[in-house]
>>> print(open('coords-v9.csv').read())   # CSV, C-alpha atoms
chain,number,residue,atom,x,y,z
A,1,MET,CA,0.0,0.0,0.0
A,2,GLY,CA,3.0,2.3,0.5
A,3,SER,CA,4.0,4.5,3.4
A,4,PRO,CA,2.2,7.7,4.4
A,5,HIS,CA,5.4,9.6,3.6
A,6,TRP,CA,5.3,8.2,0.0
A,7,LYS,CA,1.6,9.1,-0.4
A,8,ARG,CA,2.3,12.7,0.7
A,9,LEU,CA,5.2,12.9,-1.8
A,10,CYS,CA,3.0,11.7,-4.6
A,11,LEU,CA,0.3,14.3,-3.8
A,12,LEU,CA,2.8,17.1,-3.7
A,13,LEU,CA,4.2,16.1,-7.1
A,14,LEU,CA,0.7,16.0,-8.5
A,15,ALA,CA,-0.1,19.4,-7.1
A,16,GLY,CA,3.1,20.8,-8.5
A,17,LEU,CA,2.3,19.4,-12.0
A,18,THR,CA,-1.2,21.0,-11.9
A,19,SER,CA,0.2,24.4,-10.9
A,20,SER,CA,2.8,24.3,-13.7
A,21,LEU,CA,0.1,23.7,-16.3
A,22,LEU,CA,-1.8,26.7,-15.1
A,23,LEU,CA,1.1,29.0,-15.3
A,24,TYR,CA,1.0,29.6,-19.0
A,25,GLY,CA,-0.3,32.7,-20.5
A,26,HIS,CA,-0.2,36.3,-19.1
A,27,TYR,CA,1.7,39.4,-20.0
A,28,TYR,CA,1.5,43.1,-20.1
A,29,ALA,CA,-2.3,43.4,-20.0
A,30,THR,CA,-2.0,43.2,-16.2
A,31,VAL,CA,-4.4,41.3,-13.9
A,32,GLU,CA,-6.2,39.0,-16.3
A,33,SER,CA,-6.8,35.9,-14.1
A,34,PRO,CA,-10.4,34.6,-14.5
A,35,THR,CA,-11.2,34.7,-10.8
A,36,GLY,CA,-14.7,33.5,-10.1
A,37,ARG,CA,-15.4,32.3,-13.7
A,38,ARG,CA,-16.8,28.9,-14.2
A,39,ILE,CA,-14.7,26.4,-16.1
A,40,ILE,CA,-17.0,24.9,-18.7
A,41,ALA,CA,-15.5,22.5,-21.2
A,42,SER,CA,-17.9,23.5,-23.9
A,43,GLU,CA,-17.3,23.0,-27.6
A,44,SER,CA,-19.4,26.1,-28.3
A,45,PHE,CA,-16.7,28.1,-26.6
A,46,LYS,CA,-14.2,27.3,-29.3
A,47,PRO,CA,-14.3,30.1,-31.9
A,48,SER,CA,-15.2,28.6,-35.3
A,49,ALA,CA,-12.6,29.0,-38.1
A,50,GLU,CA,-15.6,29.5,-40.4
A,51,LEU,CA,-17.2,32.7,-39.3
A,52,GLU,CA,-21.0,33.0,-39.3
A,53,GLU,CA,-21.9,36.0,-41.4
A,54,PRO,CA,-23.1,39.0,-39.3
A,55,LYS,CA,-24.5,42.0,-41.1
A,56,PRO,CA,-21.7,44.2,-42.4
A,57,SER,CA,-21.3,47.4,-40.4
A,58,ARG,CA,-21.5,50.8,-42.1
A,59,LYS,CA,-18.2,52.4,-41.2
A,60,GLN,CA,-17.3,56.0,-41.7
A,61,PRO,CA,-15.1,56.2,-44.8
A,62,SER,CA,-11.4,57.0,-44.3
A,63,ARG,CA,-9.7,59.6,-46.3
A,64,CYS,CA,-6.2,58.4,-45.3
A,65,LEU,CA,-4.2,57.0,-48.3
A,66,ARG,CA,-1.7,55.1,-46.1
A,67,SER,CA,-4.2,53.6,-43.7
A,68,VAL,CA,-4.1,50.2,-41.9
A,69,MET,CA,-6.8,49.1,-44.2
A,70,ALA,CA,-4.9,50.0,-47.3
A,71,ARG,CA,-1.7,48.4,-46.0
A,72,ALA,CA,-3.5,45.2,-44.8
A,73,LYS,CA,-5.3,44.7,-48.1
A,74,ALA,CA,-2.0,45.1,-50.0
A,75,ASP,CA,-0.2,42.5,-47.9
A,76,PRO,CA,-0.2,39.0,-49.3
A,77,LYS,CA,-0.6,37.4,-45.8
A,78,PHE,CA,-2.8,39.8,-43.9
A,79,GLY,CA,-5.0,40.7,-46.9
A,80,GLU,CA,-6.6,37.3,-46.3
A,81,VAL,CA,-6.9,37.7,-42.6
A,82,PHE,CA,-8.4,41.2,-42.1
A,83,ARG,CA,-12.2,41.7,-42.6
A,84,PHE,CA,-13.1,45.4,-42.1
A,85,ASP,CA,-16.8,44.8,-42.5
A,86,ILE,CA,-17.1,43.0,-39.2
A,87,PRO,CA,-18.9,45.2,-36.7
A,88,VAL,CA,-16.5,46.3,-34.0
A,89,LEU,CA,-19.2,47.6,-31.5
A,90,MET,CA,-22.5,46.2,-30.4
A,91,TRP,CA,-25.3,48.7,-30.0
A,92,ASP,CA,-29.1,48.9,-29.9
A,93,GLN,CA,-29.9,48.3,-33.6
A,94,HIS,CA,-27.8,45.1,-33.6
A,95,PHE,CA,-30.0,43.4,-31.0
A,96,THR,CA,-32.4,41.6,-33.3
A,97,LEU,CA,-34.2,38.3,-32.9
A,98,GLU,CA,-31.9,36.9,-35.6
A,99,THR,CA,-28.8,38.0,-33.7
A,100,TRP,CA,-30.1,36.7,-30.4
A,101,GLU,CA,-30.8,33.2,-31.9
A,102,ARG,CA,-27.4,33.1,-33.4
A,103,LEU,CA,-25.3,34.3,-30.5
A,104,LYS,CA,-27.2,32.5,-27.8
A,105,THR,CA,-25.5,29.3,-29.0
A,106,ARG,CA,-22.0,30.7,-28.4
A,107,HIS,CA,-20.2,30.9,-25.0
A,108,VAL,CA,-19.2,34.4,-23.7
A,109,PRO,CA,-17.2,36.4,-24.8
A,110,TYR,CA,-18.1,35.1,-28.3
A,111,GLY,CA,-21.9,35.1,-27.7
A,112,TRP,CA,-24.6,34.9,-25.1
A,113,GLN,CA,-24.9,31.3,-24.1
A,114,GLY,CA,-26.3,31.0,-20.6
A,115,LEU,CA,-27.2,34.7,-20.5
A,116,SER,CA,-30.8,35.9,-20.2
A,117,HIS,CA,-32.5,37.7,-23.0
A,118,THR,CA,-33.7,40.3,-20.5
A,119,ALA,CA,-30.2,41.0,-19.1
A,120,VAL,CA,-28.6,41.4,-22.5
A,121,GLY,CA,-31.4,43.3,-24.1
A,122,SER,CA,-32.0,45.8,-21.3
A,123,THR,CA,-28.3,46.8,-21.6
A,124,LEU,CA,-28.1,47.0,-25.4
A,125,ARG,CA,-31.3,49.1,-25.6
A,126,LEU,CA,-29.5,51.8,-23.6
A,127,LEU,CA,-26.7,51.9,-26.3
A,128,ASN,CA,-29.0,53.8,-28.7
A,129,ALA,CA,-27.0,56.8,-29.7
A,130,SER,CA,-24.9,57.2,-32.8
A,131,ALA,CA,-21.9,57.6,-30.5
A,132,ASN,CA,-22.4,53.9,-29.5
A,133,GLN,CA,-22.2,52.8,-33.1
A,134,HIS,CA,-18.7,54.2,-33.8
A,135,LEU,CA,-15.6,54.3,-31.7
A,136,PHE,CA,-15.0,58.0,-32.7
A,137,ASP,CA,-16.4,60.5,-35.2
A,138,ARG,CA,-14.1,60.9,-38.1
A,139,ASP,CA,-15.4,64.4,-38.9
A,140,THR,CA,-13.6,65.7,-35.8
A,141,PHE,CA,-10.2,64.8,-37.5
A,142,PRO,CA,-10.2,67.0,-40.6
A,143,ARG,CA,-6.5,66.1,-41.4
A,144,GLY,CA,-7.6,62.7,-42.8
A,145,CYS,CA,-5.4,60.2,-41.1
A,146,VAL,CA,-6.4,59.3,-37.5
A,147,ARG,CA,-3.3,58.3,-35.6
A,148,CYS,CA,-3.8,56.1,-32.5
A,149,ALA,CA,-1.4,54.9,-29.8
A,150,VAL,CA,-2.3,51.8,-27.8
A,151,VAL,CA,-0.3,51.8,-24.5
A,152,GLY,CA,0.2,48.5,-22.7
A,153,ASN,CA,1.7,48.3,-19.2
A,154,GLY,CA,5.0,46.5,-20.0
A,155,GLY,CA,8.3,47.2,-18.3
A,156,ILE,CA,9.8,48.2,-21.6
A,157,LEU,CA,8.3,51.6,-21.1
A,158,ASN,CA,10.2,52.3,-17.9
A,159,GLY,CA,12.9,54.9,-18.9
A,160,SER,CA,11.7,55.0,-22.5
A,161,ARG,CA,10.9,58.7,-22.6
A,162,GLN,CA,8.1,58.0,-25.0
A,163,GLY,CA,5.5,60.2,-23.3
A,164,LYS,CA,5.6,63.1,-25.8
A,165,ALA,CA,5.5,60.6,-28.7
A,166,ILE,CA,2.4,58.9,-27.2
A,167,ASP,CA,0.6,62.1,-26.5
A,168,ALA,CA,1.2,63.3,-30.1
A,169,HIS,CA,-1.2,60.8,-31.4
A,170,ASP,CA,-4.8,61.8,-32.1
A,171,LEU,CA,-6.2,59.1,-29.8
A,172,VAL,CA,-4.6,57.1,-27.0
A,173,PHE,CA,-5.9,53.8,-25.7
A,174,ARG,CA,-4.9,52.5,-22.2
A,175,ILE,CA,-5.9,49.4,-20.3
A,176,ASN,CA,-6.3,47.9,-16.8
A,177,GLY,CA,-3.7,49.2,-14.4
A,178,ALA,CA,-2.8,52.3,-16.4
A,179,VAL,CA,-0.6,54.1,-13.9
A,180,ILE,CA,0.3,57.6,-15.1
A,181,LYS,CA,1.4,59.8,-12.2
A,182,GLY,CA,5.1,59.7,-11.8
A,183,PHE,CA,5.6,58.1,-15.2
A,184,GLU,CA,4.5,60.9,-17.5
A,185,GLU,CA,7.8,61.2,-19.2
A,186,ASP,CA,7.7,57.5,-20.2
A,187,VAL,CA,4.0,56.9,-20.9
A,188,GLY,CA,2.4,60.4,-21.4
A,189,THR,CA,-0.8,61.7,-19.9
A,190,LYS,CA,-3.3,61.7,-22.8
A,191,ILE,CA,-6.1,59.1,-22.6
A,192,SER,CA,-9.0,58.8,-25.0
A,193,PHE,CA,-10.2,55.3,-24.4
A,194,TYR,CA,-9.9,53.0,-21.3
A,195,GLY,CA,-10.4,49.3,-22.1
A,196,PHE,CA,-11.2,46.6,-19.6
A,197,THR,CA,-13.5,43.8,-18.4
A,198,VAL,CA,-15.1,44.4,-15.0
A,199,ASN,CA,-12.9,41.6,-13.7
A,200,THR,CA,-9.6,43.1,-14.9
A,201,MET,CA,-10.6,46.6,-13.9
A,202,LYS,CA,-11.4,45.5,-10.3
A,203,ASN,CA,-8.4,43.3,-10.0
A,204,SER,CA,-6.2,46.1,-11.2
A,205,LEU,CA,-7.5,48.5,-8.6
A,206,ILE,CA,-6.6,45.9,-5.9
A,207,ALA,CA,-3.3,44.7,-7.3
A,208,TYR,CA,-1.8,48.1,-8.3
A,209,ALA,CA,-3.2,50.4,-5.6
A,210,GLU,CA,0.3,50.5,-4.1
A,211,TYR,CA,1.7,51.8,-7.3
A,212,GLY,CA,-0.9,54.6,-7.5
A,213,PHE,CA,-3.7,53.0,-9.5
A,214,THR,CA,-6.4,53.8,-7.1
A,215,GLN,CA,-9.0,55.2,-9.5
A,216,VAL,CA,-10.2,54.3,-13.0
A,217,PRO,CA,-9.3,57.2,-15.3
A,218,GLN,CA,-12.0,59.8,-15.7
A,219,GLY,CA,-12.5,62.8,-17.9
A,220,LYS,CA,-15.0,64.7,-20.0
A,221,ASP,CA,-13.7,63.4,-23.3
A,222,LEU,CA,-12.7,60.0,-22.1
A,223,ARG,CA,-14.6,57.0,-23.4
A,224,TYR,CA,-14.9,53.5,-21.8
A,225,ILE,CA,-14.6,50.3,-23.9
A,226,PHE,CA,-16.3,47.3,-22.2
A,227,ILE,CA,-15.2,43.9,-23.2
A,228,PRO,CA,-18.2,41.6,-22.5
A,229,SER,CA,-16.4,38.6,-21.0
A,230,ASP,CA,-19.2,37.7,-18.6
A,231,ILE,CA,-22.8,38.7,-17.6
A,232,ARG,CA,-21.3,41.1,-15.0
A,233,ASP,CA,-20.0,43.3,-17.8
A,234,TYR,CA,-23.5,43.7,-19.2
A,235,VAL,CA,-25.0,44.3,-15.8
A,236,MET,CA,-22.3,46.9,-14.8
A,237,LEU,CA,-22.7,48.7,-18.1
A,238,ARG,CA,-26.4,49.0,-17.7
A,239,SER,CA,-26.1,50.4,-14.1
A,240,ALA,CA,-23.4,52.8,-15.3
A,241,ILE,CA,-25.6,54.3,-17.9
A,242,GLN,CA,-28.6,54.4,-15.6
A,243,GLY,CA,-26.5,55.9,-12.8
A,244,SER,CA,-27.8,53.4,-10.3
A,245,PRO,CA,-26.2,50.7,-8.0
A,246,VAL,CA,-25.7,47.3,-9.6
A,247,PRO,CA,-28.9,45.3,-8.8
A,248,GLU,CA,-27.7,41.7,-9.0
A,249,GLY,CA,-24.8,39.3,-9.4
A,250,SER,CA,-21.3,39.4,-8.0
A,251,ASP,CA,-21.1,43.2,-8.1
A,252,LYS,CA,-24.5,43.7,-6.4
A,253,GLY,CA,-24.7,47.1,-4.6
A,254,ASP,CA,-21.6,48.4,-6.3
A,255,LYS,CA,-21.9,52.0,-7.5
A,256,PRO,CA,-20.5,52.5,-11.1
A,257,GLN,CA,-20.2,56.3,-10.5
A,258,LYS,CA,-17.1,55.7,-8.4
A,259,TYR,CA,-15.4,54.2,-11.4
A,260,PHE,CA,-16.8,56.2,-14.3
A,261,GLY,CA,-17.8,59.5,-12.7
A,262,PRO,CA,-21.1,60.9,-11.6
A,263,GLU,CA,-22.3,62.1,-15.0
A,264,ALA,CA,-21.5,59.2,-17.3
A,265,SER,CA,-24.1,59.2,-20.1
A,266,ALA,CA,-24.6,56.4,-22.6
A,267,GLU,CA,-22.4,58.2,-25.1
A,268,LYS,CA,-19.3,57.6,-22.9
A,269,PHE,CA,-19.6,53.8,-23.3
A,270,LYS,CA,-18.6,51.4,-26.1
A,271,LEU,CA,-19.2,47.7,-26.0
A,272,LEU,CA,-17.2,45.3,-28.2
A,273,HIS,CA,-19.4,43.1,-30.4
A,274,PRO,CA,-19.2,39.3,-29.7
A,275,ASP,CA,-18.9,38.8,-33.4
A,276,PHE,CA,-15.8,41.0,-33.4
A,277,LEU,CA,-14.3,39.0,-30.5
A,278,GLN,CA,-15.1,35.7,-32.4
A,279,TYR,CA,-13.4,37.1,-35.5
A,280,LEU,CA,-10.3,38.3,-33.7
A,281,THR,CA,-9.8,35.0,-32.0
A,282,ALA,CA,-10.5,32.8,-35.0
A,283,ARG,CA,-8.5,34.9,-37.5
A,284,PHE,CA,-5.7,36.4,-35.5
A,285,LEU,CA,-5.2,34.6,-32.1
A,286,ARG,CA,-6.4,31.0,-32.6
A,287,SER,CA,-4.3,29.5,-29.8
A,288,GLU,CA,-3.4,25.8,-29.4
A,289,LEU,CA,-4.9,26.3,-25.9
A,290,LEU,CA,-8.3,25.9,-27.5
A,291,ASN,CA,-7.4,22.3,-28.0
A,292,THR,CA,-6.7,21.7,-24.3
A,293,GLN,CA,-8.7,21.3,-21.2
A,294,TYR,CA,-8.2,25.0,-20.6
A,295,ARG,CA,-10.1,26.1,-23.7
A,296,SER,CA,-13.0,27.5,-21.7
A,297,LEU,CA,-10.6,29.9,-19.9
A,298,TYR,CA,-8.8,31.2,-23.0
A,299,MET,CA,-9.4,34.6,-24.6
A,300,PRO,CA,-7.0,37.2,-26.0
A,301,SER,CA,-5.6,39.6,-23.4
A,302,THR,CA,-7.1,43.0,-22.8
A,303,GLY,CA,-4.1,44.6,-24.5
A,304,ALA,CA,-4.5,42.4,-27.6
A,305,LEU,CA,-8.2,43.2,-27.9
A,306,MET,CA,-7.5,47.0,-27.6
A,307,LEU,CA,-4.7,46.9,-30.1
A,308,LEU,CA,-6.8,44.9,-32.6
A,309,THR,CA,-9.7,47.2,-32.0
A,310,ALA,CA,-7.5,50.2,-32.9
A,311,LEU,CA,-6.3,48.4,-36.0
A,312,HIS,CA,-9.9,48.0,-37.2
A,313,THR,CA,-10.9,51.6,-36.5
A,314,CYS,CA,-7.9,53.9,-36.7
A,315,ASP,CA,-5.8,54.8,-39.8
A,316,GLN,CA,-2.3,54.5,-38.3
A,317,VAL,CA,-1.5,52.5,-35.1
A,318,SER,CA,1.5,52.5,-32.8
A,319,ALA,CA,1.8,49.9,-30.0
A,320,TYR,CA,3.8,50.8,-26.8
A,321,GLY,CA,4.4,48.5,-23.8
A,322,PHE,CA,3.7,45.3,-25.6
A,323,ILE,CA,5.8,42.1,-25.6
A,324,THR,CA,8.9,42.1,-27.8
A,325,THR,CA,11.6,39.5,-28.5
A,326,ASN,CA,13.9,40.8,-25.7
A,327,TYR,CA,11.1,40.9,-23.1
A,328,LYS,CA,13.3,39.2,-20.5
A,329,GLN,CA,15.4,42.3,-20.2
A,330,PHE,CA,12.4,44.2,-18.7
A,331,SER,CA,10.2,44.0,-15.7
A,332,ASP,CA,6.6,42.8,-15.9
A,333,HIS,CA,5.2,46.4,-15.6
A,334,TYR,CA,6.8,49.8,-16.1
A,335,TYR,CA,5.8,50.8,-12.6
A,336,ASP,CA,7.3,47.9,-10.8
A,337,GLU,CA,9.7,49.1,-8.1
A,338,GLU,CA,11.8,46.0,-8.5
A,339,LYS,CA,12.4,43.9,-11.6
A,340,LYS,CA,9.8,41.2,-11.8
A,341,PRO,CA,9.8,38.4,-14.4
A,342,LEU,CA,6.8,37.6,-16.5
A,343,VAL,CA,4.2,35.3,-15.0
A,344,PHE,CA,2.3,33.0,-17.4
A,345,TYR,CA,-1.3,31.8,-16.9
A,346,ALA,CA,-3.6,29.6,-18.9
A,347,ASN,CA,-6.1,32.2,-19.9
A,348,HIS,CA,-3.9,33.9,-22.5
A,349,ASP,CA,-1.3,32.9,-25.1
A,350,MET,CA,1.1,35.8,-24.9
A,351,MET,CA,3.7,34.2,-27.1
A,352,LEU,CA,1.1,33.9,-29.9
A,353,GLU,CA,0.2,37.6,-29.4
A,354,ALA,CA,3.9,38.6,-29.5
A,355,ALA,CA,4.4,36.7,-32.8
A,356,LEU,CA,1.4,38.6,-34.2
A,357,TRP,CA,2.7,42.0,-33.2
A,358,ARG,CA,6.1,41.2,-34.8
A,359,SER,CA,4.4,40.1,-38.0
A,360,LEU,CA,2.2,43.2,-38.2
A,361,HIS,CA,5.2,45.4,-37.5
A,362,GLN,CA,7.3,43.7,-40.2
A,363,ALA,CA,4.4,44.2,-42.6
A,364,GLY,CA,4.2,47.9,-41.8
A,365,ILE,CA,0.7,47.6,-40.5
A,366,ILE,CA,1.6,48.7,-37.0
A,367,THR,CA,4.6,50.4,-35.5
A,368,LEU,CA,5.7,48.3,-32.5
A,369,TYR,CA,7.8,50.2,-30.0
A,370,GLN,CA,11.1,48.3,-29.3
A,371,ARG,CA,14.4,49.0,-27.7
>>> encode(input="coords-v9.csv", output="structure tokens")
Amino acid sequence: MGSPHWKRLCLLLLAGLTSSLLLYGHYYATVESPTGRRIIASESFKPSAELEEPKPSRKQPSRCLRSVMARAKADPKFGEVFRFDIPVLMWDQHFTLETWERLKTRHVPYGWQGLSHTAVGSTLRLLNASANQHLFDRDTFPRGCVRCAVVGNGGILNGSRQGKAIDAHDLVFRINGAVIKGFEEDVGTKISFYGFTVNTMKNSLIAYAEYGFTQVPQGKDLRYIFIPSDIRDYVMLRSAIQGSPVPEGSDKGDKPQKYFGPEASAEKFKLLHPDFLQYLTARFLRSELLNTQYRSLYMPSTGALMLLTALHTCDQVSAYGFITTNYKQFSDHYYDEEKKPLVFYANHDMMLEAALWRSLHQAGIITLYQR
């Protein structure tokens, strides 16, 4: 039967093996662990390589001759990958019976499987302004080319002195634990969009409070991009627009005003479309993790989703604070007081993301900051 000592040793080895499997896919998008999420080994979670056809979105035409779209279409590889007719944002007019019947068969974030029609519909009906249809209004940028910077939180930015270059862009995207105070010279101060899931936002406020991230960015011209990874994102968004406490779920009683400000109208909020998330995962970041027992945990990182969102809406895109080939030279985050190595978890595939950024940079579709 074996001695008690031998049994304890076997248990310890098994626990160690399990932990090592979990430590697989996290990087600069900060706290992304799926705390509290159910692990459901569902085939419907896997994004299909063959995309179902959503109705094409009517995007505002770009007047930029050297745009992401033009460069992507001219590239022999990426010309087959990009589809610029996929709707980026979900809003009121997308919530049809046909869409509900199609998306209710897909697991979140790629659909609404397990979510109630009332919960989803009551949120989407509030996103009924033209500002909810587009990320930004092109008419406010008369020069033609809209230049965007997407700022991750990677340690490569510490000492980079890229603040002025970042702020020189027309629009700046930031994510999760976006610490600015004390690092203005390296990361700038401008912020146009703050992207998150409710889970990553709240985890960031806890994990990075000691570094100064004690408040979600707020501002008159700032817009918030919700990534619908769970029912709590829909519920929090609805309460934020209504200006009322969260009525149900794990965030019950929470007051969205403390995150987004006291006068946050519907126009301040954007919601990524589940079809867009499906398309990004199937076409750009279809990880081998989807073939493992951890497939129900996997989704692209917040940083990846924001960078790909910018690529489908802006004309020219620069990426700062994302993983590069020499990532081991830098700390996990630019605000770390001591150098910390990367930690990898099973819910992201950061090496796959890094390879994508390199390829896009080499193709001239993005400018990836490297040093």
>>> atom_distance(input="coords-v9.csv", atom1="atom CA of A:Ser331", atom2="atom CA of A:Gly155")
4.5 Å
>>> residues_around(input="coords-v9.csv", residues="stretch 302-312 of chain A", least_positions_apart="3", cutoff="8 Å", atoms="all atoms listed in the file", output="compact mmCIF listing (two decimals) with C-alpha atoms, keeping the file's coordinate frame")
# COMPACT_ATOMS: atom_id res chain seq x y z
CA TYR A 28 1.50 43.10 -20.10
CA ALA A 29 -2.30 43.40 -20.00
CA GLU A 32 -6.20 39.00 -16.30
CA VAL A 68 -4.10 50.20 -41.90
CA MET A 69 -6.80 49.10 -44.20
CA PHE A 84 -13.10 45.40 -42.10
CA VAL A 88 -16.50 46.30 -34.00
CA CYS A 148 -3.80 56.10 -32.50
CA VAL A 150 -2.30 51.80 -27.80
CA GLY A 152 0.20 48.50 -22.70
CA PHE A 173 -5.90 53.80 -25.70
CA ILE A 175 -5.90 49.40 -20.30
CA ASN A 176 -6.30 47.90 -16.80
CA GLY A 195 -10.40 49.30 -22.10
CA PHE A 196 -11.20 46.60 -19.60
CA THR A 197 -13.50 43.80 -18.40
CA LEU A 277 -14.30 39.00 -30.50
CA LEU A 280 -10.30 38.30 -33.70
CA ASP A 315 -5.80 54.80 -39.80
CA GLN A 316 -2.30 54.50 -38.30
CA VAL A 317 -1.50 52.50 -35.10
CA ALA A 319 1.80 49.90 -30.00
CA PHE A 322 3.70 45.30 -25.60
CA GLU A 353 0.20 37.60 -29.40
CA ILE A 366 1.60 48.70 -37.00
>>> atom_distance(input="coords-v9.csv", atom1="atom CA of A:Thr281", atom2="atom CA of A:Asp332")
24.3 Å
>>> closest_residue(input="coords-v9.csv", among="A:Gly188, A:Gly212, A:Gly154, A:Pro262", to="A:Lys340", atoms="all atoms listed in the file")
A:Gly154
>>> residues_around(input="coords-v9.csv", residues="A:Gly364", least_positions_apart="5", cutoff="9 Å", atoms="only C-alpha atoms", output="PyMOL selection string")
chain A and resi 68+71-72+359
>>> residues_around(input="coords-v9.csv", residues="stretch 227-239 of chain A", least_positions_apart="5", cutoff="9 Å", atoms="all atoms listed in the file", output="ChimeraX atom specification")
/A:37,108-110,112,114-116,119-120,122-124,126,195-199,244-251,254-256,269-274,277,299,302,305
>>> atom_distance(input="coords-v9.csv", atom1="atom CA of A:Leu89", atom2="atom CA of A:Gln133")
6.2 Å
>>> residues_near_point(input="coords-v9.csv", point="(-4.7, 28.4, -32.0)", cutoff="12 Å", atoms="all atoms listed in the file", output="number ranges by chain")
A: 46-49, 280-292, 295, 298-300, 348-353
>>> closest_residue(input="coords-v9.csv", among="A:His134, A:Ile180, A:Arg371, A:Val146", to="A:Glu267", atoms="all atoms listed in the file")
A:His134
>>> residues_near_point(input="coords-v9.csv", point="(-18.0, 58.4, -10.7)", cutoff="10 Å", atoms="all atoms listed in the file", output="VMD selection string")
chain A and resid 215 to 218 240 243 255 to 264
>>> closest_residue(input="coords-v9.csv", among="A:Lys77, A:Arg358, A:Arg138, A:Lys339", to="A:Thr324", atoms="only C-alpha atoms")
A:Arg358
